[in-house]
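Structure first, commentary second.
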Amino acid sequence: MSRRFGIKEIAFQAGLSPATVDRALHGRDHVRAPTRDRVAAAIAELERQHAASLAQGRRFTIDIFIQAPERFTSAVRAAFEAELPLVRPVAFRARFHLAEVMEEREIIARLTAIARRGSHGIVLKVPATPAIEACLEGVAARGIPVVTYVTDIAAPLRLAYVGMENRRAGATAAYLMQHMQRRAGSRVLITLSSQMFRGEDERRIGFLDHLAGQAPALPTLTVSEGLGVDRTTRRLVLEALRDHPDIGSVYSIGGGNRAILDAFAEAGRPIEVFIAHDLDRTNRQLLAEGRLTLVLHHDFRQDARRVSLHFLRHHRMVPPDVTIGPTDILIACPTDLQPFGPEPQPRLPPGADAA
């Protein structure tokens, strides 16, 4: 047990005599198990109070480094800007490094600059290339913790991963697709922004593994490297539709959903089931219009809280036993976003007057 605190302090916290606490701390006889538990609980509470007193007034600066389309990064930025001011006991300040497309050398140069300048933590969503992971070894050597977001890197290079469990998300999408698609022989188009984003490829693998076991007759086709950008995504989808007349449904992992819909419209082809990811502003609008069947998503604000807890635990600002739960996979359908009419007025019994 910790000896950071004196016996009298522990005894006062536990509501026991110093002599009893002394016997419990030294493992002597004639101390009941419930009494030992009270002493352990008192020390744990003192540890929490001590950590909070150390953290009070501290300021942490974290770097949020994301390569993704603006529709995604704007939603993530809004979530962090809403949640970080609420985090206690420290004050978080965020520096944002957001871009739709970055060359590998630019990513490495920016990460190197962040490491040289110093940071209390990096939130990272970039491709998991060998050169980028080699750069992150240097970041880790400087003692800067990295929390990966939505897509992962090699586990030894990061403190934690925050986001949906990607294979499980892909399997969830496959289960829903399997039970919603009705046209026999209809092929599912799987779209990725890039296979270099490990999280996207994990979703694809989860989707294919579920279908292999539960619906092996359902064919698929994967297109990637559109980077979620509308122009390139639309071109890739048009090429797929031209070459595969049996494509009837879509599992969009990498975004660019308006471009996908435009490509199907240009080809004069209907979409039976369209499953997408993330409730960004574009997907909210498409879902409300009924152009997406459903969206798998996670709460960005809850993710921001999880990220801050990982950094607080790393810097010993909260007790090490603080539990940080996994991200829930949520499902939104058009009825979640479509407006409804006014609430119906209660019927009055015959002869009753309205107030």
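Ligands are numbered from 1 in the order shown, chains are lettered A, B, ... in the order of the structure tokens, and residues start at 1 in each chain.
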Selection: 10 Å around A:Thr323, only C-alpha atoms, excl. self and same-chain fewer than 4 positions, as a list of chain:residue names
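Residues near the query, excluding close chain neighbours: A:Arg306, A:Leu309, A:His310, A:Arg313, A:Pro319.
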Backbone-only DSSP, helix (DSSP H, G or I) members of stretch 69-107 of chain A, as a PyMOL selection string
chain A and resi 70-86+104-107
Would you write out those residues with N, CA and C atoms, as a short mmCIF file (atom, residue, chain, number, x, y, z; two decimals), in the first residue's frame?
data_model
loop_
_atom_site.label_atom_id
_atom_site.label_comp_id
_atom_site.auth_asym_id
_atom_site.auth_seq_id
_atom_site.Cartn_x
_atom_site.Cartn_y
_atom_site.Cartn_z
N GLU A 70 -13.13 17.81 -45.45
CA GLU A 70 -13.54 18.90 -44.55
C GLU A 70 -14.85 18.59 -43.84
N ARG A 71 -15.75 17.87 -44.50
CA ARG A 71 -17.03 17.56 -43.85
C ARG A 71 -16.83 16.74 -42.58
N PHE A 72 -15.76 15.92 -42.53
CA PHE A 72 -15.45 15.14 -41.34
C PHE A 72 -14.67 15.97 -40.33
N THR A 73 -13.62 16.66 -40.79
CA THR A 73 -12.77 17.40 -39.86
C THR A 73 -13.52 18.54 -39.17
N SER A 74 -14.47 19.16 -39.87
CA SER A 74 -15.23 20.24 -39.24
C SER A 74 -16.09 19.71 -38.11
N ALA A 75 -16.66 18.50 -38.28
CA ALA A 75 -17.47 17.90 -37.22
C ALA A 75 -16.61 17.51 -36.03
N VAL A 76 -15.43 16.96 -36.31
CA VAL A 76 -14.52 16.57 -35.22
C VAL A 76 -14.03 17.81 -34.48
N ARG A 77 -13.67 18.86 -35.22
CA ARG A 77 -13.19 20.08 -34.58
C ARG A 77 -14.28 20.67 -33.67
N ALA A 78 -15.51 20.71 -34.16
CA ALA A 78 -16.60 21.24 -33.36
C ALA A 78 -16.78 20.44 -32.07
N ALA A 79 -16.62 19.12 -32.16
CA ALA A 79 -16.77 18.26 -30.97
C ALA A 79 -15.69 18.55 -29.95
N PHE A 80 -14.43 18.65 -30.39
CA PHE A 80 -13.34 18.92 -29.46
C PHE A 80 -13.46 20.32 -28.87
N GLU A 81 -13.85 21.30 -29.68
CA GLU A 81 -13.98 22.65 -29.16
C GLU A 81 -15.11 22.76 -28.16
N ALA A 82 -16.12 21.90 -28.28
CA ALA A 82 -17.22 21.91 -27.31
C ALA A 82 -16.85 21.18 -26.03
N GLU A 83 -16.07 20.11 -26.12
CA GLU A 83 -15.82 19.26 -24.96
C GLU A 83 -14.58 19.65 -24.15
N LEU A 84 -13.52 20.07 -24.81
CA LEU A 84 -12.28 20.32 -24.07
C LEU A 84 -12.42 21.38 -22.98
N PRO A 85 -13.21 22.47 -23.19
CA PRO A 85 -13.36 23.43 -22.09
C PRO A 85 -14.05 22.86 -20.85
N LEU A 86 -14.74 21.73 -21.01
CA LEU A 86 -15.46 21.13 -19.89
C LEU A 86 -14.61 20.16 -19.09
N GLU A 104 2.83 12.25 -48.08
CA GLU A 104 3.50 11.58 -46.98
C GLU A 104 4.61 12.44 -46.39
N ARG A 105 5.42 13.08 -47.24
CA ARG A 105 6.54 13.89 -46.73
C ARG A 105 6.04 15.09 -45.93
N GLU A 106 4.86 15.63 -46.30
CA GLU A 106 4.30 16.76 -45.55
C GLU A 106 3.83 16.31 -44.17
N ILE A 107 3.20 15.13 -44.10
CA ILE A 107 2.77 14.59 -42.82
C ILE A 107 3.98 14.40 -41.90
#
Could you pull out the strand (DSSP E or B) residues of stretch 92-242 of chain A from DSSP and send them as a PyMOL selection string?
chain A and resi 92-99+122-125+146-149+160-162+187-191+220-223
Option closest in space to A:Leu136, from A:Arg281, A:Phe5, A:Ile114, A:Tyr149 [counting only C-alpha atoms]:
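Once distances to A:Leu136 are computed over only C-alpha atoms, the minimum belongs to A:Ile114.
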Which residue of A:Ala304, A:Ser193, A:His315, A:Glu225 approaches A:Arg58 most closely, using only C-alpha atoms
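Smallest separation from A:Arg58 among the options: A:His315.
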Kindly give the distance, in Å, that separates atom CA of A:Ala265 and atom CA of A:Leu208, rounded to a single decimal.
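Interatomic distance, atom CA of A:Ala265 to atom CA of A:Leu208: 26.4 Å.
For the set A:Gly248, A:Ser194, A:Val101, A:Phe60, the residue with the smallest atom-to-atom gap to A:Pro89 is A:Phe60, counting only C-alpha atoms.
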